[in-house]
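Pasting data08.cif here (mmCIF, N, CA and C atoms):
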data_final
loop_
_atom_site.label_atom_id
_atom_site.label_comp_id
_atom_site.auth_asym_id
_atom_site.auth_seq_id
_atom_site.Cartn_x
_atom_site.Cartn_y
_atom_site.Cartn_z
N MET A 282 0.84 -1.17 0.00
CA MET A 282 0.00 0.00 0.00
C MET A 282 0.89 1.24 0.00
N LYS A 283 0.63 2.16 -0.88
CA LYS A 283 1.40 3.39 -0.97
C LYS A 283 0.83 4.43 -0.02
N ILE A 284 1.73 5.12 0.64
CA ILE A 284 1.31 6.23 1.50
C ILE A 284 1.58 7.52 0.73
N GLY A 285 0.63 8.41 0.78
CA GLY A 285 0.73 9.65 0.01
C GLY A 285 1.78 10.60 0.55
N MET A 286 2.14 11.54 -0.30
CA MET A 286 3.15 12.54 0.04
C MET A 286 2.70 13.40 1.22
N GLY A 287 1.39 13.63 1.38
CA GLY A 287 0.87 14.45 2.47
C GLY A 287 1.18 13.83 3.83
N PHE A 288 1.06 12.51 3.91
CA PHE A 288 1.35 11.81 5.16
C PHE A 288 2.82 11.96 5.53
N GLU A 289 3.70 11.77 4.55
CA GLU A 289 5.13 11.88 4.80
C GLU A 289 5.49 13.31 5.22
N LEU A 290 4.86 14.29 4.61
CA LEU A 290 5.12 15.68 4.98
C LEU A 290 4.64 15.94 6.41
N GLY A 291 3.50 15.37 6.76
CA GLY A 291 2.98 15.51 8.12
C GLY A 291 3.92 14.92 9.16
N VAL A 292 4.44 13.73 8.86
CA VAL A 292 5.38 13.08 9.77
C VAL A 292 6.64 13.93 9.91
N LEU A 293 7.11 14.49 8.82
CA LEU A 293 8.29 15.34 8.86
C LEU A 293 8.06 16.57 9.72
N LEU A 294 6.90 17.21 9.58
CA LEU A 294 6.61 18.41 10.36
C LEU A 294 6.47 18.10 11.85
N VAL A 295 5.82 17.01 12.18
CA VAL A 295 5.69 16.62 13.58
C VAL A 295 7.06 16.30 14.17
N SER A 296 7.89 15.61 13.42
CA SER A 296 9.24 15.28 13.90
C SER A 296 10.06 16.54 14.15
N ALA A 297 9.96 17.49 13.25
CA ALA A 297 10.69 18.75 13.41
C ALA A 297 10.20 19.50 14.64
N SER A 298 8.90 19.50 14.87
CA SER A 298 8.35 20.18 16.04
C SER A 298 8.84 19.54 17.32
N LEU A 299 8.84 18.22 17.37
CA LEU A 299 9.30 17.52 18.57
C LEU A 299 10.79 17.72 18.79
N ALA A 300 11.55 17.77 17.75
CA ALA A 300 12.99 18.00 17.88
C ALA A 300 13.25 19.39 18.43
N GLY A 301 12.45 20.37 18.03
CA GLY A 301 12.58 21.73 18.56
C GLY A 301 12.28 21.77 20.03
N CYS A 302 11.26 21.05 20.48
CA CYS A 302 10.90 21.01 21.90
C CYS A 302 11.97 20.32 22.73
N ALA A 303 12.68 19.40 22.14
CA ALA A 303 13.72 18.68 22.87
C ALA A 303 14.85 19.61 23.28
N ASN A 304 15.00 20.73 22.57
CA ASN A 304 16.07 21.67 22.88
C ASN A 304 15.69 22.68 23.95
N LEU A 305 14.43 22.68 24.39
CA LEU A 305 14.02 23.61 25.42
C LEU A 305 14.64 23.24 26.76
N ASP A 306 14.88 24.24 27.60
CA ASP A 306 15.48 24.01 28.89
C ASP A 306 14.38 23.75 29.92
N PHE A 307 14.27 22.51 30.39
CA PHE A 307 13.25 22.16 31.36
C PHE A 307 13.79 22.15 32.78
N GLU A 308 14.89 22.87 33.02
CA GLU A 308 15.44 22.96 34.36
C GLU A 308 14.44 23.64 35.29
N TYR A 309 13.69 24.56 34.77
CA TYR A 309 12.71 25.30 35.54
C TYR A 309 11.32 24.71 35.27
N GLY A 310 10.47 24.66 36.27
CA GLY A 310 9.11 24.19 36.10
C GLY A 310 8.25 25.33 35.56
N HIS A 311 8.23 25.49 34.26
CA HIS A 311 7.54 26.62 33.63
C HIS A 311 6.08 26.70 34.04
N LYS A 312 5.40 25.55 34.09
CA LYS A 312 3.99 25.54 34.49
C LYS A 312 3.81 26.02 35.93
N ASP A 313 4.82 25.80 36.76
CA ASP A 313 4.76 26.21 38.15
C ASP A 313 5.18 27.66 38.37
N GLY A 314 5.52 28.36 37.29
CA GLY A 314 5.87 29.77 37.40
C GLY A 314 7.34 30.09 37.38
N TRP A 315 8.20 29.08 37.27
CA TRP A 315 9.65 29.32 37.29
C TRP A 315 10.14 29.83 35.95
N ARG A 316 10.95 30.88 36.00
CA ARG A 316 11.54 31.48 34.81
C ARG A 316 12.99 31.83 35.09
N PRO A 317 13.88 31.68 34.12
CA PRO A 317 15.24 32.19 34.30
C PRO A 317 15.22 33.70 34.12
N GLY A 318 16.00 34.40 34.93
CA GLY A 318 16.01 35.86 34.85
C GLY A 318 17.37 36.44 35.14
N THR A 319 17.46 37.76 34.93
CA THR A 319 18.69 38.50 35.20
C THR A 319 18.33 39.76 35.97
N ILE A 320 19.06 40.04 37.03
CA ILE A 320 18.82 41.24 37.82
C ILE A 320 19.36 42.45 37.08
N THR A 321 18.51 43.46 36.90
CA THR A 321 18.93 44.65 36.16
C THR A 321 19.05 45.89 37.04
N LYS A 322 18.44 45.86 38.23
CA LYS A 322 18.52 47.01 39.14
C LYS A 322 18.15 46.54 40.54
N ILE A 323 18.78 47.13 41.55
CA ILE A 323 18.49 46.81 42.95
C ILE A 323 18.32 48.12 43.71
N GLY A 324 17.34 48.18 44.60
CA GLY A 324 17.15 49.38 45.40
C GLY A 324 15.79 49.41 46.07
N ASN A 325 15.40 50.62 46.49
CA ASN A 325 14.12 50.81 47.14
C ASN A 325 13.49 52.12 46.68
N ASP A 326 13.74 52.51 45.45
CA ASP A 326 13.19 53.76 44.96
C ASP A 326 11.76 53.57 44.44
N SER A 327 11.11 54.66 44.10
CA SER A 327 9.70 54.61 43.68
C SER A 327 9.51 53.82 42.40
N GLU A 328 10.49 53.87 41.47
CA GLU A 328 10.36 53.11 40.22
C GLU A 328 10.24 51.61 40.50
N LEU A 329 11.05 51.11 41.41
CA LEU A 329 11.01 49.68 41.73
C LEU A 329 9.71 49.32 42.44
N ARG A 330 9.24 50.16 43.33
CA ARG A 330 7.98 49.88 44.03
C ARG A 330 6.79 49.94 43.08
N GLU A 331 6.83 50.83 42.09
CA GLU A 331 5.75 50.95 41.11
C GLU A 331 5.72 49.77 40.15
N ARG A 332 6.86 49.16 39.89
CA ARG A 332 6.93 48.03 38.96
C ARG A 332 6.82 46.69 39.67
N LEU A 333 6.31 46.70 40.90
CA LEU A 333 6.15 45.48 41.66
C LEU A 333 5.25 44.52 40.90
N ALA A 334 5.68 43.27 40.79
CA ALA A 334 4.93 42.25 40.06
C ALA A 334 3.55 42.07 40.69
N ASN A 335 2.55 41.78 39.87
CA ASN A 335 1.17 41.59 40.35
C ASN A 335 1.08 40.54 41.44
N THR A 336 1.85 39.50 41.35
CA THR A 336 1.78 38.42 42.33
C THR A 336 2.41 38.81 43.66
N CYS A 337 3.05 39.97 43.73
CA CYS A 337 3.70 40.42 44.96
C CYS A 337 2.87 41.50 45.67
N SER A 338 1.63 41.67 45.31
CA SER A 338 0.83 42.75 45.88
C SER A 338 0.64 42.63 47.39
N GLY A 339 0.75 41.42 47.94
CA GLY A 339 0.59 41.23 49.38
C GLY A 339 1.84 41.55 50.18
N VAL A 340 2.96 41.78 49.50
CA VAL A 340 4.22 42.06 50.16
C VAL A 340 4.27 43.55 50.50
N VAL A 341 4.41 43.84 51.78
CA VAL A 341 4.42 45.23 52.22
C VAL A 341 5.73 45.56 52.92
N GLY A 342 6.28 46.70 52.58
CA GLY A 342 7.41 47.23 53.31
C GLY A 342 8.73 46.50 53.18
N SER A 343 9.01 45.93 52.04
CA SER A 343 10.31 45.30 51.84
C SER A 343 11.39 46.37 51.85
N LYS A 344 12.56 46.03 52.40
CA LYS A 344 13.66 46.98 52.45
C LYS A 344 14.29 47.19 51.09
N THR A 345 14.36 46.11 50.30
CA THR A 345 15.05 46.17 49.01
C THR A 345 14.25 45.39 47.97
N TYR A 346 14.29 45.92 46.74
CA TYR A 346 13.62 45.27 45.60
C TYR A 346 14.64 45.05 44.50
N ALA A 347 14.39 44.03 43.69
CA ALA A 347 15.24 43.75 42.53
C ALA A 347 14.37 43.79 41.29
N LEU A 348 14.79 44.57 40.31
CA LEU A 348 14.14 44.59 39.00
C LEU A 348 14.76 43.46 38.20
N ILE A 349 13.91 42.52 37.76
CA ILE A 349 14.40 41.31 37.10
C ILE A 349 13.83 41.23 35.69
N ARG A 350 14.73 41.01 34.73
CA ARG A 350 14.33 40.79 33.33
C ARG A 350 14.21 39.28 33.15
N TYR A 351 13.07 38.86 32.63
CA TYR A 351 12.84 37.43 32.41
C TYR A 351 11.97 37.25 31.17
N LYS A 352 11.94 36.03 30.68
CA LYS A 352 11.15 35.72 29.50
C LYS A 352 9.88 35.02 29.95
N GLY A 353 8.75 35.63 29.65
CA GLY A 353 7.46 35.05 30.02
C GLY A 353 6.61 34.86 28.79
N ASN A 354 6.27 33.62 28.48
CA ASN A 354 5.44 33.30 27.32
C ASN A 354 5.98 33.92 26.04
N SER A 355 7.23 33.73 25.80
CA SER A 355 7.98 34.16 24.62
C SER A 355 8.15 35.67 24.49
N HIS A 356 7.80 36.42 25.52
CA HIS A 356 8.01 37.88 25.51
C HIS A 356 8.96 38.25 26.64
N LEU A 357 9.84 39.20 26.38
CA LEU A 357 10.74 39.69 27.40
C LEU A 357 9.96 40.59 28.35
N ARG A 358 10.08 40.35 29.65
CA ARG A 358 9.34 41.11 30.65
C ARG A 358 10.29 41.59 31.74
N TRP A 359 9.84 42.63 32.46
CA TRP A 359 10.56 43.15 33.62
C TRP A 359 9.57 43.25 34.76
N GLY A 360 10.00 42.88 35.93
CA GLY A 360 9.17 43.01 37.11
C GLY A 360 10.04 43.20 38.33
N SER A 361 9.48 43.86 39.32
CA SER A 361 10.19 44.11 40.56
C SER A 361 9.73 43.10 41.61
N PHE A 362 10.69 42.51 42.32
CA PHE A 362 10.40 41.49 43.32
C PHE A 362 11.16 41.82 44.60
N PRO A 363 10.55 41.57 45.77
CA PRO A 363 11.26 41.85 47.03
C PRO A 363 12.46 40.92 47.21
N VAL A 364 13.52 41.48 47.77
CA VAL A 364 14.73 40.70 48.03
C VAL A 364 14.64 40.15 49.45
N SER A 365 14.76 38.85 49.60
CA SER A 365 14.73 38.22 50.92
C SER A 365 15.98 38.59 51.71
N ASP A 366 15.84 38.68 53.02
CA ASP A 366 16.98 38.95 53.89
C ASP A 366 18.02 37.85 53.74
N GLY A 367 19.27 38.24 53.69
CA GLY A 367 20.35 37.27 53.64
C GLY A 367 20.76 36.83 52.24
N ILE A 368 20.05 37.27 51.21
CA ILE A 368 20.44 36.89 49.85
C ILE A 368 21.41 37.95 49.32
N ASP A 369 22.54 37.50 48.82
CA ASP A 369 23.58 38.39 48.32
C ASP A 369 23.50 38.44 46.79
N ILE A 370 22.98 39.55 46.26
CA ILE A 370 22.83 39.68 44.81
C ILE A 370 23.42 40.99 44.33
N LYS A 371 23.70 41.03 43.03
CA LYS A 371 24.18 42.26 42.39
C LYS A 371 23.63 42.32 40.98
N VAL A 372 23.68 43.48 40.38
CA VAL A 372 23.20 43.65 39.01
C VAL A 372 23.98 42.72 38.09
N GLY A 373 23.25 42.01 37.24
CA GLY A 373 23.85 41.08 36.30
C GLY A 373 23.77 39.63 36.75
N ASP A 374 23.43 39.40 38.02
CA ASP A 374 23.31 38.03 38.52
C ASP A 374 22.16 37.30 37.83
N LYS A 375 22.36 36.02 37.58
CA LYS A 375 21.31 35.16 37.03
C LYS A 375 20.51 34.58 38.18
N VAL A 376 19.20 34.55 38.02
CA VAL A 376 18.33 34.04 39.07
C VAL A 376 17.30 33.08 38.49
N SER A 377 16.76 32.28 39.38
CA SER A 377 15.62 31.43 39.07
C SER A 377 14.44 32.10 39.76
N LEU A 378 13.50 32.58 38.97
CA LEU A 378 12.40 33.41 39.45
C LEU A 378 11.09 32.65 39.39
N ASN A 379 10.33 32.67 40.47
CA ASN A 379 8.99 32.10 40.45
C ASN A 379 8.01 33.27 40.44
N VAL A 380 7.44 33.54 39.27
CA VAL A 380 6.54 34.68 39.12
C VAL A 380 5.23 34.46 39.86
N ASN A 381 4.83 33.21 40.10
CA ASN A 381 3.59 32.92 40.81
C ASN A 381 3.72 33.10 42.31
N ALA A 382 4.87 32.77 42.85
CA ALA A 382 5.08 32.79 44.30
C ALA A 382 5.81 34.04 44.77
N CYS A 383 6.18 34.93 43.86
CA CYS A 383 6.86 36.19 44.21
C CYS A 383 8.17 35.92 44.96
N LYS A 384 9.01 35.05 44.39
CA LYS A 384 10.30 34.77 45.01
C LYS A 384 11.31 34.41 43.94
N PHE A 385 12.59 34.56 44.30
CA PHE A 385 13.65 34.18 43.38
C PHE A 385 14.85 33.72 44.17
N ALA A 386 15.74 32.99 43.50
CA ALA A 386 16.98 32.51 44.10
C ALA A 386 18.10 32.67 43.09
N LYS A 387 19.26 33.02 43.58
CA LYS A 387 20.44 33.17 42.74
C LYS A 387 20.86 31.80 42.20
N THR A 388 21.20 31.75 40.90
CA THR A 388 21.56 30.46 40.29
C THR A 388 23.04 30.33 40.02
N GLU A 389 23.80 31.38 40.11
CA GLU A 389 25.24 31.29 39.84
C GLU A 389 26.00 30.96 41.08
#
Since I need it in another form, could you write the structure as structure tokens?
Amino acid sequence: MKIGMGFELGVLLVSASLAGCANLDFEYGHKDGWRPGTITKIGNDSELRERLANTCSGVVGSKTYALIRYKGNSHLRWGSFPVSDGIDIKVGDKVSLNVNACKFAKTE
């Protein structure tokens, strides 16, 4: 039985799609809100407080905030997140950011 050219093309396209997904970095639980990010600014000025991530609305009176650039749903985003006491960070540090839980950890 001969299989048509359309079937072979379909198999090729599905294979290419799956191969592309195999290259994605699953170190972070994307469904759980984890995103890789980079710290772009640290402080407690009004700009950082105004850019506070929506999921951090319950956080009041943090001493320090970090503006973090991360990729969310294929778009580059920036959000401000409170810095936990005892975490040593600087501009340019790579972090693992949980946008759902309003927390991050240094990955380097």
Contacts of stretch 371-383 of chain A at 7 Å (all atoms listed in the file; same-chain gap of 3+ positions) as a list in words: Asp313, Gly314, Trp315, Arg316, Pro317, Gly318, Thr319, Ile320, Thr321, Lys322, Ile323, Thr336, Cys337, Phe362, Pro363, Ala386, Lys387, Thr388 and Glu389 of chain A
One-decimal distance in Å that lies between atom CA of A:Asn354 and atom N of A:Asp326: 27.7 Å
Selection: 8 Å around A:Leu329, only C-alpha atoms, excl. self and same-chain fewer than 6 positions, as number ranges by chain: A: 346-348, 361
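When only C-alpha atoms are used to compute distances to A:Ile368, the closest of the residues A:Ser355, A:Ser338, A:Thr345, A:Asn325 turns out to be A:Thr345.
Across the model, the gap from atom N of A:Ser365 to atom N of A:Glu328 is 17.6 Å.
Computed from the coordinates, the atom C of A:Ser343 to atom CA of A:Val364 distance equals 7.6 Å.
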Nearest candidate to A:Lys344 (options A:Arg330, A:Gly310, A:Arg358, A:Lys384; using only C-alpha atoms): A:Arg330
Given all atoms listed in the file as the counted atoms, nearest of A:Gly360, A:Gly367, A:Lys352, A:Phe385 to A:Ala334: A:Gly360
